[in-house]
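Engineer: Have a look at the structure that comes next, please.
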Amino acid sequence: MKNKIISLLGGVAVMVTSLTALYAPQAGAHGERSQEPFLRMRTVHWYDTNFSTNRVAVNSEMTMTGKFLLAEAWPEVIMKPDVAFLHVAEPGPAVAKVESWLNGVPAAKSFKLELGKTYEYKIIVRGRKPGEAHIHPMLNVQSAGGLVGPGQWTLIEGNYEDFTYPVTTLTGETIDLNTYGFANVVKWHIIWAIPALFWLLWWIRRPVFIPRFLMVQNGEEDALITGTDKKVAIAMFIGTMVLVTMSSNSAKEAYPIQIPLQSAIIPVEALPVTPQNSAVKAKILKANYRIPGRSMTMTLDVTNGSATPIKLAEFNSANVRFTNSLIPTLAKTDSAELWAKGGLHVQGEPTIYPGETARLEIEASDALWETERLSSLIGDPDSAFGGVLYFHGADGKTYMEEISGPIIPTFQ
Ligand SMILES: [Cu+2]
């Protein structure tokens with residue numbers, strides 16, 4: 001009876017396991033939402049993101065441009081962007097990066113960036129693998145990982161076989177990076193695999209582990225390595241040295257001009273601080289996240305140091321844009337953005353006059369808190385939020401101010 005139950009349970013387990021093989025839904029994203037909220041809310045504030053197109057043919061180009069502000073509230077637990085590299089986040093080799101620029105400086109190497117400063121980037125990519133891909137600009141920070149910007153669904157059309165990546169080397173030769181050196185890589189892997197495999201087989205053809213362990217235990221370790229073993233080892237050593245010298249010589253012959261891989265860190269100047277982003281100051285007095293309402297409330301004092309009346313238009317955090325419900329003219333800026341339209345409610349006098357300090361009670365609510373998995377910030381040992389406030393001035397300019405602070409969850 002007992003055995004019957006066990007075999008029945010076993011059968012069910014096998015069936016369930018095999019059924020999971022039939023259910024393999026398409027992955028709709030590539031992990032950007034699984035990043036901890038503090039990594040998205042308090043590191044890189046991306047804005048003015050623009051993709052030149054959302055359809056790109058294999059071998060044609062798409063340009064991503066935009067700016068980012070590095071948060072002053074950068075989390076203590078991750079490294080500062082002392083070594084940062086501008087790149088693209090994409091699911092597999094959908095596009096190939098052709099060029100990248102940071103504040104007009106070529107971004108082929110890493111940069112040392114400063115917190116609280118603004119940078120402008122440009123990344124040019126080339127369509128590679130046909131299909132639909134979610135593509136983002138990304139800042140890789142050493143030991144912090146990839147911090148991704150807004151993503152756009154991009155259709156890559158054409159044939160994968162047609163992909164080429166022509167570049168002109170410093171010696172004036174034009175090569176296709178997609179295939180360049182591939183045969184050579186395969187050849188040298190095979191050449192090295194032969195002695196490696198021989199050496200492995202030489203030892204494992206004899207009894208391993210337990211018998212050898214027992215021989216060592218019995219004091220017979222001298223019998224483990226024979227005279228032939230020693231001769232083969234010497235031959236292998238000499239052979240390896242000869243092979244290393246030969247491969248080095250053959251590379252020098254084939255490529256007489258060589259330079260090492262470049263790995264320096266380039267200095268780059270941040271964008272100059274404009275009066276727009278220094279004139280308005282905001283101080284957070286209190287912030288709560290209400291779990292059932294999926295809304296965040298903040299009390300803050302805003303000091304208008306500019307010469308024009310201003311109104312709070314947007315709160316932007318982790319690439320989610322909450323816009324003021326009372327300013328209906330605010331529009332979607334691009335197809336990539338996550339927009340909580342009318343998700344920002346401001347209580348109190350909406351206009352702040354020059355020289356005035358006003359207390360604002362604001363509420364940012366939308367299901368995006370949940371769908372973008374930002375609400376999990378309440379699970380952090382250091383529950384804190386960050387973001388950027390955008391004020392619209394009567395002079396037509398936009399005034400930005402970074403905000404951050406602790407946040408307390410409310411469960412009712
Ligand atoms: Cu994505």
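Naming works like this for the structure tokens: A, B, ... for the chains as they're shown, residue 1 at the start of each chain, ligands 1 onward in shown order.
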Name the residues, by chain letter and number, that sit within 7 Å of ligand 1 using only C-alpha atoms and all ligand atoms, and give them as a ChimeraX atom specification.
Structural biologist: /A:29-30,32,90,134-136,151
Engineer: I need the residues of segment 7-156 of chain A that end up classed as alpha helix (DSSP H) by DSSP on the backbone, written out as a compact mmCIF listing (two decimals) with N, CA, C and O atoms, in the first residue's frame.
Structural biologist:
```
# COMPACT_ATOMS: atom_id res chain seq x y z
N SER A 7 4.70 5.40 -5.41
CA SER A 7 4.87 5.39 -6.87
C SER A 7 3.84 6.31 -7.53
O SER A 7 4.13 6.96 -8.53
N LEU A 8 2.64 6.41 -6.93
CA LEU A 8 1.63 7.31 -7.47
C LEU A 8 2.11 8.77 -7.38
O LEU A 8 2.05 9.53 -8.35
N LEU A 9 2.61 9.11 -6.18
CA LEU A 9 3.11 10.48 -5.98
C LEU A 9 4.26 10.77 -6.94
O LEU A 9 4.34 11.85 -7.52
N GLY A 10 5.12 9.76 -7.11
CA GLY A 10 6.25 9.92 -8.03
C GLY A 10 5.76 10.19 -9.44
O GLY A 10 6.26 11.08 -10.12
N GLY A 11 4.73 9.43 -9.85
CA GLY A 11 4.16 9.61 -11.19
C GLY A 11 3.62 11.01 -11.38
O GLY A 11 3.87 11.67 -12.39
N VAL A 12 2.89 11.50 -10.36
CA VAL A 12 2.32 12.85 -10.43
C VAL A 12 3.44 13.88 -10.55
O VAL A 12 3.39 14.80 -11.37
N ALA A 13 4.49 13.68 -9.75
CA ALA A 13 5.61 14.64 -9.76
C ALA A 13 6.25 14.70 -11.14
O ALA A 13 6.51 15.78 -11.67
N VAL A 14 6.45 13.51 -11.75
CA VAL A 14 7.07 13.47 -13.08
C VAL A 14 6.18 14.18 -14.09
O VAL A 14 6.64 14.97 -14.92
N MET A 15 4.83 13.93 -13.98
CA MET A 15 3.90 14.53 -14.92
C MET A 15 3.92 16.06 -14.81
O MET A 15 3.99 16.77 -15.81
N VAL A 16 3.87 16.55 -13.56
CA VAL A 16 3.85 18.01 -13.34
C VAL A 16 5.12 18.63 -13.88
O VAL A 16 5.10 19.64 -14.58
N THR A 17 6.26 17.96 -13.59
CA THR A 17 7.54 18.50 -14.06
C THR A 17 7.59 18.56 -15.58
O THR A 17 8.01 19.55 -16.16
N SER A 18 7.08 17.48 -16.23
CA SER A 18 7.15 17.50 -17.70
C SER A 18 6.18 18.52 -18.28
O SER A 18 6.45 19.10 -19.33
N LEU A 19 5.04 18.75 -17.58
CA LEU A 19 4.09 19.74 -18.09
C LEU A 19 4.68 21.15 -18.10
O LEU A 19 4.37 21.94 -18.97
N THR A 20 5.55 21.44 -17.13
CA THR A 20 6.12 22.79 -17.09
C THR A 20 6.94 23.07 -18.34
O THR A 20 7.11 24.21 -18.74
N ALA A 21 7.44 21.99 -18.97
CA ALA A 21 8.22 22.18 -20.19
C ALA A 21 7.34 22.71 -21.31
O ALA A 21 7.80 23.41 -22.21
N LEU A 22 6.03 22.38 -21.25
CA LEU A 22 5.11 22.84 -22.30
C LEU A 22 4.75 24.31 -22.11
O LEU A 22 4.42 25.01 -23.05
N PRO A 37 14.10 48.99 -5.49
CA PRO A 37 13.67 50.37 -5.73
C PRO A 37 14.75 51.41 -5.39
O PRO A 37 14.88 52.40 -6.09
N PHE A 38 15.54 51.17 -4.34
CA PHE A 38 16.53 52.20 -3.99
C PHE A 38 17.57 52.37 -5.09
O PHE A 38 18.11 53.46 -5.27
N LEU A 39 17.81 51.29 -5.86
CA LEU A 39 18.77 51.39 -6.97
C LEU A 39 18.20 52.21 -8.12
O LEU A 39 18.93 52.79 -8.90
N ARG A 40 16.87 52.22 -8.22
CA ARG A 40 16.27 52.95 -9.33
C ARG A 40 15.86 54.37 -8.93
O ARG A 40 15.83 55.26 -9.75
N MET A 41 15.51 54.55 -7.64
CA MET A 41 14.98 55.86 -7.23
C MET A 41 16.06 56.82 -6.77
O MET A 41 15.84 58.03 -6.74
```
Engineer: Could you work out how far atom CA of Ser110 of chain A lies from atom CA of Gln262 of chain A, giving the answer in Å with one decimal?
Structural biologist: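 Rounded to one decimal, the two atoms are 10.0 Å apart.
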Engineer: In terms of the shortest atom-to-atom distance over only C-alpha atoms, which of A:Asn140, A:Thr329, A:Thr228, A:Asn59 is closest to Phe85 of chain A?
Structural biologist: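 Of all the options, A:Asn140 lies closest to Phe85 of chain A.
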Engineer: Nearest to Ile284 of chain A: which of A:Ser404, A:Thr169, A:Thr357, A:Thr398 is it, counting only C-alpha atoms?
Structural biologist: A:Ser404
Engineer: Report the distance between atom CA of Lys122 of chain A and atom CA of Arg321 of chain A in Å, rounded to one decimal place.
Structural biologist: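 Pair atom CA of Lys122 of chain A / atom CA of Arg321 of chain A returns 21.8 Å.
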Engineer: Do you have, as a tab-separated table, the list of residues of segment 320-367 of chain A lying at most 10 Å from segment 293-300 of chain A, each with its nearest atom pair and that distance in Å to one decimal, counting only C-alpha atoms and ordered by chain then number?
Structural biologist:
```
residue	atom	partner	partner_atom	distance
A:Gly343	CA	A:Ser295	CA	9.0
A:Leu344	CA	A:Met296	CA	9.5
A:His345	CA	A:Thr297	CA	9.3
A:Val346	CA	A:Met298	CA	9.8
A:Gln347	CA	A:Thr299	CA	9.9
A:Thr357	CA	A:Leu300	CA	10.0
A:Ala358	CA	A:Leu300	CA	8.2
A:Arg359	CA	A:Leu300	CA	5.7
A:Leu360	CA	A:Leu300	CA	5.4
A:Glu361	CA	A:Thr299	CA	4.6
A:Ile362	CA	A:Met298	CA	5.3
A:Glu363	CA	A:Thr297	CA	4.3
A:Ala364	CA	A:Met296	CA	5.1
A:Ser365	CA	A:Ser295	CA	3.9
A:Asp366	CA	A:Arg294	CA	6.2
A:Ala367	CA	A:Arg294	CA	6.3
```
Engineer: Running DSSP on the backbone, which parts of segment 92-256 of chain A land in strand (DSSP E or B), as an mmCIF file with N, CA, C and O atoms, in the first residue's frame?
Structural biologist:
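Wrote it out as out-v2.cif, contents follow:
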```cif
data_model
loop_
_atom_site.group_PDB
_atom_site.id
_atom_site.type_symbol
_atom_site.label_atom_id
_atom_site.label_comp_id
_atom_site.auth_asym_id
_atom_site.auth_seq_id
_atom_site.Cartn_x
_atom_site.Cartn_y
_atom_site.Cartn_z
ATOM 1 N N VAL A 95 20.733 44.923 -30.837
ATOM 2 C CA VAL A 95 21.418 46.015 -31.539
ATOM 3 C C VAL A 95 22.881 46.011 -31.106
ATOM 4 O O VAL A 95 23.213 45.514 -30.039
ATOM 5 N N ALA A 96 23.726 46.565 -31.962
ATOM 6 C CA ALA A 96 25.149 46.660 -31.615
ATOM 7 C C ALA A 96 25.478 48.129 -31.396
ATOM 8 O O ALA A 96 25.020 48.990 -32.146
ATOM 9 N N LYS A 97 26.255 48.412 -30.366
ATOM 10 C CA LYS A 97 26.609 49.812 -30.097
ATOM 11 C C LYS A 97 27.681 50.252 -31.082
ATOM 12 O O LYS A 97 28.668 49.555 -31.289
ATOM 13 N N VAL A 98 27.453 51.407 -31.698
ATOM 14 C CA VAL A 98 28.394 51.905 -32.694
ATOM 15 C C VAL A 98 29.212 53.057 -32.116
ATOM 16 O O VAL A 98 30.430 53.110 -32.258
ATOM 17 N N GLU A 99 28.505 53.976 -31.463
ATOM 18 C CA GLU A 99 29.185 55.159 -30.918
ATOM 19 C C GLU A 99 28.495 55.533 -29.626
ATOM 20 O O GLU A 99 27.299 55.318 -29.479
ATOM 21 N N SER A 100 29.238 56.154 -28.712
ATOM 22 C CA SER A 100 28.584 56.725 -27.534
ATOM 23 C C SER A 100 29.367 57.949 -27.085
ATOM 24 O O SER A 100 30.591 58.004 -27.226
ATOM 25 N N TRP A 101 28.641 58.915 -26.575
ATOM 26 C CA TRP A 101 29.224 60.197 -26.195
ATOM 27 C C TRP A 101 28.655 60.630 -24.860
ATOM 28 O O TRP A 101 27.478 60.421 -24.582
ATOM 29 N N LEU A 102 29.503 61.245 -24.039
ATOM 30 C CA LEU A 102 29.017 61.821 -22.790
ATOM 31 C C LEU A 102 29.524 63.255 -22.735
ATOM 32 O O LEU A 102 30.744 63.483 -22.767
ATOM 33 N N VAL A 105 32.178 64.013 -25.140
ATOM 34 C CA VAL A 105 33.437 63.266 -25.081
ATOM 35 C C VAL A 105 33.138 61.819 -25.509
ATOM 36 O O VAL A 105 32.166 61.234 -25.033
ATOM 37 N N PRO A 106 33.954 61.231 -26.412
ATOM 38 C CA PRO A 106 33.696 59.837 -26.800
ATOM 39 C C PRO A 106 33.718 58.922 -25.577
ATOM 40 O O PRO A 106 34.625 59.009 -24.750
ATOM 41 N N SER A 110 35.761 54.207 -19.622
ATOM 42 C CA SER A 110 34.947 54.556 -18.457
ATOM 43 C C SER A 110 35.218 55.985 -18.004
ATOM 44 O O SER A 110 36.266 56.554 -18.299
ATOM 45 N N PHE A 111 34.255 56.523 -17.272
ATOM 46 C CA PHE A 111 34.359 57.887 -16.767
ATOM 47 C C PHE A 111 34.328 57.897 -15.248
ATOM 48 O O PHE A 111 33.780 56.986 -14.632
ATOM 49 N N LYS A 112 34.870 58.971 -14.692
ATOM 50 C CA LYS A 112 34.675 59.236 -13.260
ATOM 51 C C LYS A 112 33.627 60.343 -13.197
ATOM 52 O O LYS A 112 33.852 61.434 -13.715
ATOM 53 N N THR A 118 24.892 66.932 -13.706
ATOM 54 C CA THR A 118 24.077 66.509 -14.842
ATOM 55 C C THR A 118 24.969 66.202 -16.042
ATOM 56 O O THR A 118 25.946 66.908 -16.282
ATOM 57 N N TYR A 119 24.621 65.157 -16.763
ATOM 58 C CA TYR A 119 25.392 64.757 -17.942
ATOM 59 C C TYR A 119 24.436 64.522 -19.103
ATOM 60 O O TYR A 119 23.286 64.132 -18.901
ATOM 61 N N GLU A 120 24.953 64.745 -20.291
ATOM 62 C CA GLU A 120 24.148 64.575 -21.497
ATOM 63 C C GLU A 120 24.795 63.474 -22.325
ATOM 64 O O GLU A 120 26.007 63.486 -22.524
ATOM 65 N N TYR A 121 23.999 62.527 -22.778
ATOM 66 C CA TYR A 121 24.605 61.411 -23.513
ATOM 67 C C TYR A 121 24.017 61.275 -24.910
ATOM 68 O O TYR A 121 22.928 61.781 -25.199
ATOM 69 N N LYS A 122 24.755 60.577 -25.741
ATOM 70 C CA LYS A 122 24.265 60.198 -27.068
ATOM 71 C C LYS A 122 24.814 58.808 -27.354
ATOM 72 O O LYS A 122 26.014 58.576 -27.210
ATOM 73 N N ILE A 123 23.931 57.884 -27.698
ATOM 74 C CA ILE A 123 24.365 56.518 -28.010
ATOM 75 C C ILE A 123 23.793 56.154 -29.379
ATOM 76 O O ILE A 123 22.591 56.313 -29.608
ATOM 77 N N ILE A 124 24.649 55.687 -30.273
ATOM 78 C CA ILE A 124 24.177 55.256 -31.591
ATOM 79 C C ILE A 124 24.303 53.738 -31.666
ATOM 80 O O ILE A 124 25.366 53.184 -31.368
ATOM 81 N N VAL A 125 23.195 53.085 -32.014
ATOM 82 C CA VAL A 125 23.219 51.623 -32.129
ATOM 83 C C VAL A 125 22.826 51.221 -33.544
ATOM 84 O O VAL A 125 22.218 52.001 -34.279
ATOM 85 N N ARG A 126 23.172 49.992 -33.895
ATOM 86 C CA ARG A 126 22.942 49.488 -35.246
ATOM 87 C C ARG A 126 22.099 48.222 -35.140
ATOM 88 O O ARG A 126 22.420 47.322 -34.346
ATOM 89 N N GLY A 127 21.008 48.158 -35.905
ATOM 90 C CA GLY A 127 20.113 47.001 -35.860
ATOM 91 C C GLY A 127 20.868 45.719 -36.161
ATOM 92 O O GLY A 127 21.638 45.656 -37.112
ATOM 93 N N GLY A 131 13.509 41.287 -34.636
ATOM 94 C CA GLY A 131 12.555 40.974 -33.579
ATOM 95 C C GLY A 131 12.209 42.234 -32.825
ATOM 96 O O GLY A 131 12.645 43.326 -33.188
ATOM 97 N N GLU A 132 11.408 42.060 -31.761
ATOM 98 C CA GLU A 132 11.045 43.221 -30.966
ATOM 99 C C GLU A 132 11.875 43.201 -29.692
ATOM 100 O O GLU A 132 11.921 42.171 -29.015
ATOM 101 N N ALA A 133 12.522 44.292 -29.402
ATOM 102 C CA ALA A 133 13.411 44.317 -28.239
ATOM 103 C C ALA A 133 13.177 45.575 -27.421
ATOM 104 O O ALA A 133 12.897 46.638 -27.970
ATOM 105 N N HIS A 134 13.283 45.425 -26.112
ATOM 106 C CA HIS A 134 13.135 46.567 -25.206
ATOM 107 C C HIS A 134 14.537 47.113 -24.962
ATOM 108 O O HIS A 134 15.378 46.427 -24.400
ATOM 109 N N ILE A 135 14.763 48.329 -25.406
ATOM 110 C CA ILE A 135 16.124 48.875 -25.389
ATOM 111 C C ILE A 135 16.193 50.116 -24.504
ATOM 112 O O ILE A 135 15.318 50.979 -24.564
ATOM 113 N N HIS A 136 17.210 50.158 -23.676
ATOM 114 C CA HIS A 136 17.374 51.282 -22.737
ATOM 115 C C HIS A 136 18.795 51.828 -22.817
ATOM 116 O O HIS A 136 19.728 51.058 -23.007
ATOM 117 N N PRO A 137 18.973 53.115 -22.531
ATOM 118 C CA PRO A 137 20.320 53.580 -22.206
ATOM 119 C C PRO A 137 20.637 53.061 -20.803
ATOM 120 O O PRO A 137 19.715 52.832 -20.006
ATOM 121 N N MET A 138 21.909 52.841 -20.513
ATOM 122 C CA MET A 138 22.254 52.281 -19.204
ATOM 123 C C MET A 138 23.597 52.825 -18.750
ATOM 124 O O MET A 138 24.506 53.021 -19.555
ATOM 125 N N LEU A 139 23.708 53.056 -17.458
ATOM 126 C CA LEU A 139 24.986 53.470 -16.894
ATOM 127 C C LEU A 139 25.480 52.321 -16.015
ATOM 128 O O LEU A 139 24.831 51.953 -15.040
ATOM 129 N N ASN A 140 26.617 51.746 -16.412
ATOM 130 C CA ASN A 140 27.204 50.675 -15.605
ATOM 131 C C ASN A 140 28.139 51.308 -14.599
ATOM 132 O O ASN A 140 29.048 52.035 -14.982
ATOM 133 N N VAL A 141 27.900 51.045 -13.336
ATOM 134 C CA VAL A 141 28.758 51.602 -12.297
ATOM 135 C C VAL A 141 29.490 50.444 -11.633
ATOM 136 O O VAL A 141 28.871 49.447 -11.256
ATOM 137 N N GLY A 145 26.605 47.794 -10.582
ATOM 138 C CA GLY A 145 25.855 47.134 -11.642
ATOM 139 C C GLY A 145 25.269 48.122 -12.632
ATOM 140 O O GLY A 145 25.617 49.298 -12.638
ATOM 141 N N GLY A 146 24.375 47.621 -13.462
ATOM 142 C CA GLY A 146 23.773 48.441 -14.513
ATOM 143 C C GLY A 146 22.579 49.208 -13.977
ATOM 144 O O GLY A 146 21.686 48.623 -13.386
ATOM 145 N N LEU A 147 22.582 50.524 -14.174
ATOM 146 C CA LEU A 147 21.461 51.356 -13.745
ATOM 147 C C LEU A 147 20.757 51.807 -15.019
ATOM 148 O O LEU A 147 21.308 52.592 -15.792
ATOM 149 N N VAL A 148 19.564 51.256 -15.257
ATOM 150 C CA VAL A 148 18.942 51.435 -16.568
ATOM 151 C C VAL A 148 18.018 52.639 -16.642
ATOM 152 O O VAL A 148 17.337 52.980 -15.682
ATOM 153 N N GLN A 152 12.537 51.489 -24.537
ATOM 154 C CA GLN A 152 11.589 51.604 -25.642
ATOM 155 C C GLN A 152 11.487 50.272 -26.375
ATOM 156 O O GLN A 152 12.511 49.643 -26.675
ATOM 157 N N TRP A 153 10.242 49.856 -26.692
ATOM 158 C CA TRP A 153 10.072 48.673 -27.534
ATOM 159 C C TRP A 153 10.467 49.056 -28.944
ATOM 160 O O TRP A 153 9.915 49.998 -29.509
ATOM 161 N N THR A 154 11.436 48.366 -29.484
ATOM 162 C CA THR A 154 11.979 48.712 -30.794
ATOM 163 C C THR A 154 11.870 47.495 -31.703
ATOM 164 O O THR A 154 12.211 46.383 -31.297
ATOM 165 N N LEU A 155 11.379 47.737 -32.918
ATOM 166 C CA LEU A 155 11.242 46.644 -33.880
ATOM 167 C C LEU A 155 12.473 46.629 -34.778
ATOM 168 O O LEU A 155 12.787 47.627 -35.421
ATOM 169 N N ILE A 156 13.169 45.508 -34.793
ATOM 170 C CA ILE A 156 14.345 45.382 -35.654
ATOM 171 C C ILE A 156 13.946 44.480 -36.817
ATOM 172 O O ILE A 156 13.495 43.352 -36.604
ATOM 173 N N GLU A 157 14.076 45.017 -38.019
ATOM 174 C CA GLU A 157 13.571 44.306 -39.197
ATOM 175 C C GLU A 157 14.702 43.882 -40.126
ATOM 176 O O GLU A 157 15.711 44.579 -40.227
ATOM 177 N N PRO A 166 31.067 47.145 -40.203
ATOM 178 C CA PRO A 166 32.352 47.564 -40.761
ATOM 179 C C PRO A 166 32.998 48.676 -39.931
ATOM 180 O O PRO A 166 32.318 49.612 -39.507
ATOM 181 N N VAL A 167 34.280 48.530 -39.664
ATOM 182 C CA VAL A 167 35.034 49.604 -39.001
ATOM 183 C C VAL A 167 36.378 49.741 -39.700
ATOM 184 O O VAL A 167 36.887 48.787 -40.284
ATOM 185 N N THR A 168 36.917 50.950 -39.639
ATOM 186 C CA THR A 168 38.248 51.181 -40.201
ATOM 187 C C THR A 168 39.221 51.230 -39.032
ATOM 188 O O THR A 168 39.028 51.991 -38.090
ATOM 189 N N THR A 174 39.829 48.243 -43.550
ATOM 190 C CA THR A 174 38.409 48.125 -43.214
ATOM 191 C C THR A 174 38.086 46.659 -42.936
ATOM 192 O O THR A 174 38.380 45.790 -43.756
ATOM 193 N N ILE A 175 37.514 46.418 -41.763
ATOM 194 C CA ILE A 175 37.200 45.034 -41.382
ATOM 195 C C ILE A 175 35.739 44.944 -40.957
ATOM 196 O O ILE A 175 35.109 45.960 -40.646
ATOM 197 N N ASP A 176 35.195 43.734 -40.939
ATOM 198 C CA ASP A 176 33.836 43.522 -40.446
ATOM 199 C C ASP A 176 33.945 42.926 -39.041
ATOM 200 O O ASP A 176 34.314 41.767 -38.872
#
```
Engineer: Which one is closest to Ala394 of chain A: A:Ala108, A:Leu326, A:Leu312, A:Met236? Count only C-alpha atoms.
Structural biologist: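 Distance minimum relative to Ala394 of chain A lands on A:Leu312.
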Engineer: I'd like to know which of A:Arg42, A:Lys311, A:Lys67, A:Lys129 is closest to Pro91 of chain A, using only C-alpha atoms.
Structural biologist: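 Among A:Arg42, A:Lys311, A:Lys67, A:Lys129, it is A:Lys129 that comes nearest to Pro91 of chain A.
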Engineer: Ranking A:Glu356, A:Asp162, A:Glu36, A:Asp82 by minimum distance to Arg373 of chain A and counting only C-alpha atoms, which one comes first?
Structural biologist: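 Looking only at the distances to Arg373 of chain A, the closest residue turns out to be A:Glu36.
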